[in-house]
Amino acid sequence: MHYRALGRTGWKVSEISFGAWAIGGAWGNVSDAESMAALHQAIDSGVNFIDTADVYGMGRSERLVAQLRRERSEPIVVATKAGRRLSPHTADGYNARNLTDFVEDSLRNLSTECLDLVQLHCPPTDVYYRPEVFGALDRLVEAGKIRNYGVSVERVEEALKAIEFPGVQSVQIIFNCFRHRPAELFFEQARKRQVGILTRVPLASGMLTGKLTRDSQFAADDHRNFNRHGEAFDVGETFSGVDYDTALAAVEELRPLVPAGVSMAQFALRWILAFDAVTCAIPGGKRPAQVADNCAASDLPPLREDTLRAVRAIYDARIRPAVHQRW
């Protein structure tokens with residue numbers, strides 16, 4: 001495992017880290033025992049950064065991460081998120097009182113006195129135009145409740161606006177073989193400001209593992225079933241917003257580019273790591289074998305330039321028209 005600097009925090013984190021959405025909910029059934037096994041495998045593989053959220057299983061994911069910290073001696077940086085528990089989920093809900101309450105809940109769930117990194121959880125775009133929201137986060141830092149804060153965004157516009165606030169240490173954004181736009185302008189601006197970039201949905205909800213087919217079935221409580229068209233939240237969170245059949249066709253075109261002895265998931269993660277502005281990719285994993293396979297991508301040699309060009313050509317032909325300007 002290799003490590004990269006996370007913005008100005010002083011932390012160096014594993015370039016393949018662990019996304020803890022799947023162990024909280026909305027990905028079908030997973031037992032706590034299996035989730036803990038996956039988390040332990042992550043640490044065994046060199047992971048030292050875990051991304052979770054208060055809304056993942058309404059605290060379930062955070063509590064499992066707290067258990068992991070009790071069971072391991074290695075230092076683990078934990079990022080969580082706040083805001084998606086709001087109902088209705090409006091910009092006005094992102095106020096000092098609610099943010100403080102969310103932070104207090106996460107402190108309890110994670111069994112700690114100070115949160116390492118708190119991220120606004122894909123708030124409405126208007127939030128990024130309200131300095132008072134970031135002022136409230138600054139006061140939580142001053143109060144010793146959080147060490148650092150950042151944002152998780154849906155759109156490049158939001159990412160660019162967020163990093164205008166000097167306290168923002170990290171931006172979490174969807175970036176993968178099906179989502180290229182963040183690399184065009186945002187990466188350059190984030191690098192200039194020394195802002196960490198956490199790339200989420202790196203495997204396009206499992207599509208970029210190469211294991212899904214037209215006959216794949218998903219449980220009723222799996223967002224790949226119930227959010228195909230954005231019924232529950234932004235459609236870009238599910239298969240990166242790419243039509244299922246289109247995505248399958250693109251995967252088949254990507255498959256010949258994968259080097260011998262490398263899984264397609266590793267290939268997709270290695271592609272993300274070709275961008276030096278990226279701090280880490282945060283794939284999820286419900287089983288230890290998945291986690292071990294993902295983490296092994298860090299030790300693979302860089303992809304060749306002609307391979308990178310070929311990925312771009314497939315994106316341009318298959319994916320760009322439907323997704324590039326949308327997010």
# chains A, B, ... in the order shown; residues from 1 in each chain; ligands from 1
$ select_by_dssp --residues "stretch 23-232 of chain A" --states "helix (DSSP H, G or I)" --output "ChimeraX atom specification"
/A:32-44,60-71,91-93,96-109,125-129,131-142,156-162,181-183,186-192,204-209,223-226
$ residues_around --residues "A:His223" --least-positions-apart "2" --cutoff "12 Å" --atoms "only C-alpha atoms" --output "ChimeraX atom specification"
/A:21-22,25-29,205-206,217-221,225-239
$ atom_distance --atom1 "atom CA of A:Thr199" --atom2 "atom CA of A:Pro166"
20.6 Å
$ residues_around --residues "A:Gly210" --least-positions-apart "6" --cutoff "10 Å" --atoms "only C-alpha atoms" --output "MDAnalysis selection string"
chainID A and resid 203 248 251:252 254:255 263:265 268
$ write_last_selection --atoms "N, CA and C atoms" --output "PDB file, in the first residue's frame"
ATOM      1  N   LEU A 203     -15.878   2.450  -8.454  1.00  0.00           N
ATOM      2  CA  LEU A 203     -16.180   1.278  -9.279  1.00  0.00           C
ATOM      3  C   LEU A 203     -17.579   1.361  -9.880  1.00  0.00           C
ATOM      4  N   LEU A 248     -22.788  -1.553 -19.417  1.00  0.00           N
ATOM      5  CA  LEU A 248     -22.338  -2.916 -19.715  1.00  0.00           C
ATOM      6  C   LEU A 248     -21.539  -2.953 -21.022  1.00  0.00           C
ATOM      7  N   VAL A 251     -18.100  -1.477 -20.464  1.00  0.00           N
ATOM      8  CA  VAL A 251     -17.245  -2.418 -19.727  1.00  0.00           C
ATOM      9  C   VAL A 251     -16.636  -3.447 -20.677  1.00  0.00           C
ATOM     10  N   GLU A 252     -17.426  -3.933 -21.615  1.00  0.00           N
ATOM     11  CA  GLU A 252     -16.896  -4.916 -22.560  1.00  0.00           C
ATOM     12  C   GLU A 252     -15.796  -4.317 -23.430  1.00  0.00           C
ATOM     13  N   LEU A 254     -13.788  -1.928 -22.339  1.00  0.00           N
ATOM     14  CA  LEU A 254     -12.656  -1.733 -21.427  1.00  0.00           C
ATOM     15  C   LEU A 254     -11.915  -3.044 -21.141  1.00  0.00           C
ATOM     16  N   ARG A 255     -12.644  -4.146 -21.169  1.00  0.00           N
ATOM     17  CA  ARG A 255     -12.082  -5.419 -20.719  1.00  0.00           C
ATOM     18  C   ARG A 255     -10.769  -5.797 -21.417  1.00  0.00           C
ATOM     19  N   SER A 263      -7.414  -7.786 -11.961  1.00  0.00           N
ATOM     20  CA  SER A 263      -8.870  -7.787 -12.034  1.00  0.00           C
ATOM     21  C   SER A 263      -9.349  -6.466 -12.627  1.00  0.00           C
ATOM     22  N   MET A 264     -10.565  -6.462 -13.153  1.00  0.00           N
ATOM     23  CA  MET A 264     -11.084  -5.217 -13.712  1.00  0.00           C
ATOM     24  C   MET A 264     -11.251  -4.161 -12.625  1.00  0.00           C
ATOM     25  N   ALA A 265     -11.630  -4.561 -11.411  1.00  0.00           N
ATOM     26  CA  ALA A 265     -11.737  -3.600 -10.310  1.00  0.00           C
ATOM     27  C   ALA A 265     -10.381  -2.955 -10.038  1.00  0.00           C
ATOM     28  N   ALA A 268      -9.643  -0.433 -12.744  1.00  0.00           N
ATOM     29  CA  ALA A 268     -10.400   0.806 -12.592  1.00  0.00           C
ATOM     30  C   ALA A 268      -9.836   1.680 -11.479  1.00  0.00           C
TER      31      ALA A 268
END
$ residues_around --residues "A:Val55" --least-positions-apart "3" --cutoff "8 Å" --atoms "only C-alpha atoms" --output "VMD selection string"
chain A and resid 58 to 59 82 84 to 85
$ closest_residue --among "A:Asp105, A:Glu188, A:Glu62, A:Glu305" --to "A:Asp32" --atoms "only C-alpha atoms"
A:Glu62
$ select_by_dssp --residues "stretch 119-314 of chain A" --states "strand (DSSP E or B)" --output "count of residues only"
28
$ residues_around --residues "A:Asp138" --least-positions-apart "6" --cutoff "9 Å" --atoms "only C-alpha atoms" --output "list in words"
Asn148, Tyr149 and Gly167 of chain A
$ residues_around --residues "A:Ala310" --least-positions-apart "4" --cutoff "12 Å" --atoms "only C-alpha atoms" --output "list in words"
Cys177, Ala250, Glu253, Leu254, Arg255, Pro256, Leu257, Val258, Trp271, Leu303, Arg304, Glu305, Asp306, Ile314, Tyr315, Asp316 and Ala317 of chain A
$ decode --residues "stretch 64-97 of chain A" --atoms "N, CA and C atoms" --output "compact mmCIF listing (two decimals), in the first residue's frame"
# COMPACT_ATOMS: atom_id res chain seq x y z
N LEU A 64 -19.87 0.48 13.78
CA LEU A 64 -18.97 -0.60 13.38
C LEU A 64 -17.53 -0.10 13.27
N VAL A 65 -17.37 1.10 12.74
CA VAL A 65 -16.03 1.68 12.63
C VAL A 65 -15.46 1.95 14.03
N ALA A 66 -16.30 2.39 14.95
CA ALA A 66 -15.85 2.58 16.34
C ALA A 66 -15.38 1.26 16.94
N GLN A 67 -16.11 0.19 16.66
CA GLN A 67 -15.70 -1.13 17.15
C GLN A 67 -14.35 -1.51 16.57
N LEU A 68 -14.17 -1.25 15.28
CA LEU A 68 -12.88 -1.55 14.66
C LEU A 68 -11.75 -0.82 15.38
N ARG A 69 -11.94 0.44 15.66
CA ARG A 69 -10.90 1.21 16.34
C ARG A 69 -10.57 0.62 17.71
N ARG A 70 -11.58 0.09 18.39
CA ARG A 70 -11.32 -0.52 19.69
C ARG A 70 -10.53 -1.81 19.55
N GLU A 71 -10.73 -2.50 18.43
CA GLU A 71 -10.11 -3.82 18.24
C GLU A 71 -8.74 -3.75 17.58
N ARG A 72 -8.35 -2.60 17.05
CA ARG A 72 -7.06 -2.45 16.37
C ARG A 72 -6.23 -1.39 17.06
N SER A 73 -4.93 -1.57 16.99
CA SER A 73 -4.02 -0.59 17.60
C SER A 73 -3.48 0.41 16.59
N GLU A 74 -3.62 0.11 15.30
CA GLU A 74 -3.08 0.99 14.26
C GLU A 74 -3.86 2.32 14.24
N PRO A 75 -3.18 3.43 13.96
CA PRO A 75 -3.90 4.69 13.81
C PRO A 75 -4.79 4.66 12.57
N ILE A 76 -6.03 5.07 12.72
CA ILE A 76 -7.00 5.07 11.63
C ILE A 76 -7.67 6.43 11.58
N VAL A 77 -7.56 7.09 10.45
CA VAL A 77 -8.26 8.36 10.23
C VAL A 77 -9.68 8.04 9.76
N VAL A 78 -10.66 8.62 10.44
CA VAL A 78 -12.06 8.36 10.10
C VAL A 78 -12.73 9.66 9.65
N ALA A 79 -13.28 9.63 8.45
CA ALA A 79 -14.07 10.73 7.94
C ALA A 79 -15.53 10.34 8.02
N THR A 80 -16.37 11.25 8.47
CA THR A 80 -17.81 11.01 8.45
C THR A 80 -18.48 12.18 7.74
N LYS A 81 -19.79 12.11 7.64
CA LYS A 81 -20.54 13.14 6.90
C LYS A 81 -21.77 13.53 7.69
N ALA A 82 -22.28 14.73 7.38
CA ALA A 82 -23.45 15.23 8.08
C ALA A 82 -24.35 15.99 7.12
N GLY A 83 -25.65 15.85 7.33
CA GLY A 83 -26.60 16.64 6.57
C GLY A 83 -27.72 15.85 5.92
N ARG A 84 -27.44 14.62 5.53
CA ARG A 84 -28.46 13.88 4.77
C ARG A 84 -29.60 13.37 5.66
N ARG A 85 -29.47 13.52 6.97
CA ARG A 85 -30.58 13.13 7.85
C ARG A 85 -31.66 14.20 7.89
N LEU A 86 -31.38 15.34 7.32
CA LEU A 86 -32.37 16.41 7.29
C LEU A 86 -33.60 15.98 6.49
N SER A 87 -34.78 16.30 7.01
CA SER A 87 -36.02 16.01 6.29
C SER A 87 -37.00 17.15 6.56
N PRO A 88 -37.20 17.99 5.58
CA PRO A 88 -36.69 17.91 4.21
C PRO A 88 -35.22 18.29 4.12
N HIS A 89 -34.56 17.79 3.09
CA HIS A 89 -33.14 18.07 2.88
C HIS A 89 -33.02 19.40 2.13
N THR A 90 -32.93 20.49 2.88
CA THR A 90 -32.91 21.83 2.30
C THR A 90 -31.67 22.58 2.74
N ALA A 91 -31.34 23.62 2.00
CA ALA A 91 -30.19 24.45 2.35
C ALA A 91 -30.37 25.08 3.73
N ASP A 92 -31.59 25.47 4.07
CA ASP A 92 -31.83 26.11 5.36
C ASP A 92 -31.52 25.17 6.53
N GLY A 93 -31.59 23.86 6.28
CA GLY A 93 -31.29 22.91 7.34
C GLY A 93 -29.82 22.87 7.72
N TYR A 94 -28.96 23.37 6.84
CA TYR A 94 -27.52 23.38 7.12
C TYR A 94 -27.19 24.63 7.93
N ASN A 95 -27.62 24.60 9.18
CA ASN A 95 -27.37 25.73 10.09
C ASN A 95 -26.54 25.25 11.28
N ALA A 96 -26.09 26.20 12.08
CA ALA A 96 -25.17 25.88 13.17
C ALA A 96 -25.78 24.89 14.16
N ARG A 97 -27.06 25.09 14.47
CA ARG A 97 -27.69 24.20 15.46
C ARG A 97 -27.74 22.77 14.95
